[in-house]
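As structure tokens, the structure follows; a few thoughts come after it.
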Amino acid sequence: MIRSVVQGCGAYLPERIVTNDELARKVETSDEWIQQRTGIRQRHIAADGEFTSHLAIKASQRALDHAGIKASDLDLIVLATATPDETFPATATRVQAELGMTRGAAFDVQAVCAGFVYAVSVADSLIKNGVASTALVIGAETFSRILDWNDRGTCVLFGDGAGAIVLKAEQGKGTSADRGILANALHSDGRQHDILYVDGGPSSTRTTGFLRMEGKEVFKHAVVNMAAVVGEVLEKAGLESKDIDWLVPHQANKRIIDGTGRKLGLPAERVVVTVDKHANTSAASIPLALDTAVKDGRIKKGDLLLMEGIGGGLAWGASLVRW
Ligand code: UT7
């Protein structure tokens, strides 16, 4: 059985760090409120002229170096983003050109905060079907560009960044002991559009628009849907929550992350948390958390990882990976 095996990972954060106190000088908020409700202490914000593609390219170069794979060996790039450089072409094609990859295909996937899990699932399917053999999967965002900086209910929650992994087709035995992506589960519910969306776009308003969110409503769906999808993906792989070594969740809110960890019966030290330093970077949050825990030595070869996320759509999903 063909498995998509992770060869390496990389990440990049813009240089500029914005603290809660700095935001409290612009909108009516406080470091205390933000930390208590979300766990966020700071976020990175892209510089003027620094685009999603620039963050993606830097993260990708680091992932290729870590994997020991040349860009010319890639035959697929799947980039998850809700903040592309331009309406078209896909930001992935800019990454392709900059990396010097001239064959195969590069395209974007848009599932907002679930984007990375969606992109992993798409790349895994294309590898298993023989369409591609070596894939770069990226999550990259500049959410600072779609925030209403006068809306304290949203502007304190998000940040910019990028993360990437390299997947390669390898022969597996077809058991849960194989390295690679073991199972994916994806869902969406378009009826929930109004609780998290951007009020602009090329076809509707010819503007970029700003992010709008009913946080409490999203929170309720997040708790319920995350519990269901992690159960589903474990069942697909024939595994149980006690088999999980690391929960690598989407980083929206520490309270949602803690809730999912508790439902899985995982001790806090088995849950990777970066929301304090990165805030919510949408599609980039999972690969940023992943890179943090791989590079600091927590995640080791053979460990079982559960990645999960939910965002606008609503769209949500989970992937189980043997590192
Ligand atoms: O990644 C995509 C998925 N997104 C998520 O998963 C986000 C899910 N939602 C959340 O994380 C939380 O709902 C939030 C962090 C967004 C909000 O926390 P909450 O505990 O649900 O607070 P709330 O929205 O109910 O607001 C409570 C109070 C309100 O004041 P009143 O009406 O009680 O007087 C808000 O106006 O806090 C107020 N508030 C703030 N106060 C200080 C809202 N934002 C702020 C702020 N600073 N930044």
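Just so we're on the same page: first chain in the structure tokens is A, next is B, and so on; residues restart at 1 for each chain, and ligands are numbered from 1 in the order they show up.
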
Lys301 (chain A): which residues within 9 Å, counting only C-alpha atoms, same-chain residues fewer than 6 positions away excluded, as a PDB file with all heavy atoms, in the first residue's frame?
ATOM      1  N   ARG A 179       4.573   4.297   8.703  1.00  0.00           N
ATOM      2  CA  ARG A 179       4.791   5.745   8.774  1.00  0.00           C
ATOM      3  C   ARG A 179       3.948   6.402   7.683  1.00  0.00           C
ATOM      4  O   ARG A 179       3.641   5.774   6.675  1.00  0.00           O
ATOM      5  CB  ARG A 179       6.266   6.076   8.561  1.00  0.00           C
ATOM      6  CG  ARG A 179       7.150   5.685   9.743  1.00  0.00           C
ATOM      7  CD  ARG A 179       8.542   6.261   9.573  1.00  0.00           C
ATOM      8  NE  ARG A 179       8.544   7.707   9.596  1.00  0.00           N
ATOM      9  CZ  ARG A 179       9.299   8.479   8.817  1.00  0.00           C
ATOM     10  NH1 ARG A 179      10.122   7.937   7.948  1.00  0.00           N
ATOM     11  NH2 ARG A 179       9.236   9.792   8.905  1.00  0.00           N
ATOM     12  N   ARG A 322       1.530   9.041  11.266  1.00  0.00           N
ATOM     13  CA  ARG A 322       2.657   8.389  11.968  1.00  0.00           C
ATOM     14  C   ARG A 322       3.906   9.098  11.480  1.00  0.00           C
ATOM     15  O   ARG A 322       4.227   9.068  10.312  1.00  0.00           O
ATOM     16  CB  ARG A 322       2.685   6.889  11.621  1.00  0.00           C
ATOM     17  CG  ARG A 322       3.858   6.126  12.181  1.00  0.00           C
ATOM     18  CD  ARG A 322       3.670   5.480  13.524  1.00  0.00           C
ATOM     19  NE  ARG A 322       2.454   4.722  13.698  1.00  0.00           N
ATOM     20  CZ  ARG A 322       1.855   4.553  14.879  1.00  0.00           C
ATOM     21  NH1 ARG A 322       2.378   5.099  15.974  1.00  0.00           N
ATOM     22  NH2 ARG A 322       0.750   3.835  14.972  1.00  0.00           N
ATOM     23  N   TRP A 323       4.595   9.834  12.383  1.00  0.00           N
ATOM     24  CA  TRP A 323       5.731  10.696  11.978  1.00  0.00           C
ATOM     25  C   TRP A 323       6.919   9.866  11.524  1.00  0.00           C
ATOM     26  O   TRP A 323       7.172   8.798  12.045  1.00  0.00           O
ATOM     27  CB  TRP A 323       6.117  11.592  13.157  1.00  0.00           C
ATOM     28  CG  TRP A 323       7.013  12.727  12.735  1.00  0.00           C
ATOM     29  CD1 TRP A 323       8.328  12.843  12.969  1.00  0.00           C
ATOM     30  CD2 TRP A 323       6.616  13.897  12.000  1.00  0.00           C
ATOM     31  NE1 TRP A 323       8.795  14.010  12.424  1.00  0.00           N
ATOM     32  CE2 TRP A 323       7.780  14.678  11.812  1.00  0.00           C
ATOM     33  CE3 TRP A 323       5.404  14.339  11.451  1.00  0.00           C
ATOM     34  CZ2 TRP A 323       7.763  15.881  11.118  1.00  0.00           C
ATOM     35  CZ3 TRP A 323       5.386  15.530  10.772  1.00  0.00           C
ATOM     36  CH2 TRP A 323       6.559  16.296  10.605  1.00  0.00           C
TER      37      TRP A 323
END

Review point. Would you give me, as a PyMOL selection string, the residues in region 100-283 of chain A that DSSP reads as strand (DSSP E)?
Key: chain A and resi 105-109+134-142+160-171+180-188+196-198+211-213+246-249

May I have the residues within 9 Å of Pro84 (chain A) as a compact mmCIF listing (two decimals) with N, CA and C atoms, in the first residue's frame, using only C-alpha atoms and disregarding those fewer than 3 positions away in the same chain?
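Dumped to out-v6.txt:
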# COMPACT_ATOMS: atom_id res chain seq x y z
N PHE A 51 4.08 39.42 1.46
CA PHE A 51 2.83 38.77 1.08
C PHE A 51 2.78 37.33 1.60
N THR A 52 1.61 36.73 1.46
CA THR A 52 1.44 35.31 1.82
C THR A 52 2.48 34.45 1.10
N SER A 53 2.71 34.72 -0.19
CA SER A 53 3.68 33.90 -0.94
C SER A 53 5.08 34.01 -0.35
N THR A 81 -4.69 28.46 1.82
CA THR A 81 -4.73 29.86 2.24
C THR A 81 -6.11 30.44 1.98
N THR A 87 -6.35 37.46 -6.48
CA THR A 87 -7.53 36.61 -6.68
C THR A 87 -7.14 35.39 -7.53
N PHE A 88 -6.40 35.62 -8.60
CA PHE A 88 -5.74 34.53 -9.31
C PHE A 88 -4.48 35.05 -9.93
N PRO A 89 -3.50 34.24 -10.32
CA PRO A 89 -3.48 32.79 -10.18
C PRO A 89 -3.24 32.36 -8.73
N ALA A 90 -3.25 31.05 -8.54
CA ALA A 90 -3.03 30.48 -7.22
C ALA A 90 -1.68 30.94 -6.67
N THR A 91 -1.66 31.27 -5.39
CA THR A 91 -0.40 31.66 -4.73
C THR A 91 0.61 30.52 -4.82
N ALA A 92 0.13 29.30 -4.88
CA ALA A 92 1.02 28.13 -5.00
C ALA A 92 1.90 28.22 -6.24
N ASP A 108 -3.99 26.14 -5.04
CA ASP A 108 -4.41 26.52 -3.68
C ASP A 108 -5.66 25.74 -3.26
N ALA A 140 -0.36 28.94 4.66
CA ALA A 140 0.25 30.27 4.74
C ALA A 140 -0.84 31.34 4.74
N GLU A 141 -0.69 32.33 5.62
CA GLU A 141 -1.74 33.36 5.73
C GLU A 141 -1.17 34.71 6.13
N THR A 142 -1.82 35.75 5.64
CA THR A 142 -1.62 37.11 6.15
C THR A 142 -3.00 37.64 6.55

Show which residues sit within 10 Å of Val122 (chain A), as a PDB file with N, CA and C atoms, in the first residue's frame. Count only C-alpha atoms, and ignore same-chain residues fewer than 6 positions away.
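part10.pdb written:
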ATOM      1  N   VAL A  78       0.501  21.894  -2.841  1.00  0.00           N
ATOM      2  CA  VAL A  78      -0.866  22.253  -2.424  1.00  0.00           C
ATOM      3  C   VAL A  78      -0.719  23.288  -1.308  1.00  0.00           C
ATOM      4  N   VAL A 109      -5.775  25.568  -1.963  1.00  0.00           N
ATOM      5  CA  VAL A 109      -6.975  24.980  -1.360  1.00  0.00           C
ATOM      6  C   VAL A 109      -7.500  26.008  -0.371  1.00  0.00           C
ATOM      7  N   PHE A 116      -5.194  23.493   6.268  1.00  0.00           N
ATOM      8  CA  PHE A 116      -4.019  22.609   6.239  1.00  0.00           C
ATOM      9  C   PHE A 116      -4.440  21.144   6.218  1.00  0.00           C
ATOM     10  N   LYS A 128      -1.625   8.747  -3.310  1.00  0.00           N
ATOM     11  CA  LYS A 128      -2.134   7.354  -3.293  1.00  0.00           C
ATOM     12  C   LYS A 128      -2.676   6.937  -4.665  1.00  0.00           C
ATOM     13  N   VAL A 137       3.236  20.503   1.018  1.00  0.00           N
ATOM     14  CA  VAL A 137       1.925  20.943   1.515  1.00  0.00           C
ATOM     15  C   VAL A 137       2.159  22.128   2.444  1.00  0.00           C
ATOM     16  N   ASN A 184      -7.715  10.371   7.032  1.00  0.00           N
ATOM     17  CA  ASN A 184      -8.195  11.767   7.014  1.00  0.00           C
ATOM     18  C   ASN A 184      -9.717  11.767   7.129  1.00  0.00           C
TER      19      ASN A 184
END

Practice item. Within 12 Å of Leu320 (chain A), counting only C-alpha atoms, which residues show up once you throw out same-chain ones fewer than 3 positions away? Write them as a PyMOL selection string, please. Key: chain A and resi 4-6+117+120-121+124+176-185+229-241+243-249+303-308+317+323

Check your understanding: Which one is closest to Ala46 (chain A): A:His193, A:Arg270, A:Arg212, A:Arg145? Count only C-alpha atoms.
Key -> A:Arg145

Practice item. Extract, using only C-alpha atoms, all DNA, RNA and protein residues at most 7 Å from region 254-268 of chain A, discarding same-chain residues fewer than 5 positions from it, and format them as a PyMOL selection string. Key: chain A and resi 38-39+223+226-227+241+249+275

Using only C-alpha atoms, please write the residues we just selected to a file, as an mmCIF file, in the first residue's frame.
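In the end it all went to selection_4.cif:
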data_model
loop_
_atom_site.group_PDB
_atom_site.id
_atom_site.type_symbol
_atom_site.label_atom_id
_atom_site.label_comp_id
_atom_site.auth_asym_id
_atom_site.auth_seq_id
_atom_site.Cartn_x
_atom_site.Cartn_y
_atom_site.Cartn_z
ATOM 1 C CA THR A 38 -7.902 32.887 24.382
ATOM 2 C CA GLY A 39 -4.424 32.170 25.800
ATOM 3 C CA VAL A 223 -16.097 21.961 20.692
ATOM 4 C CA MET A 226 -13.727 18.561 17.001
ATOM 5 C CA ALA A 227 -14.810 15.813 19.395
ATOM 6 C CA SER A 241 -7.192 7.874 21.720
ATOM 7 C CA PRO A 249 -4.486 21.156 16.904
ATOM 8 C CA VAL A 275 -1.490 29.995 20.313
#
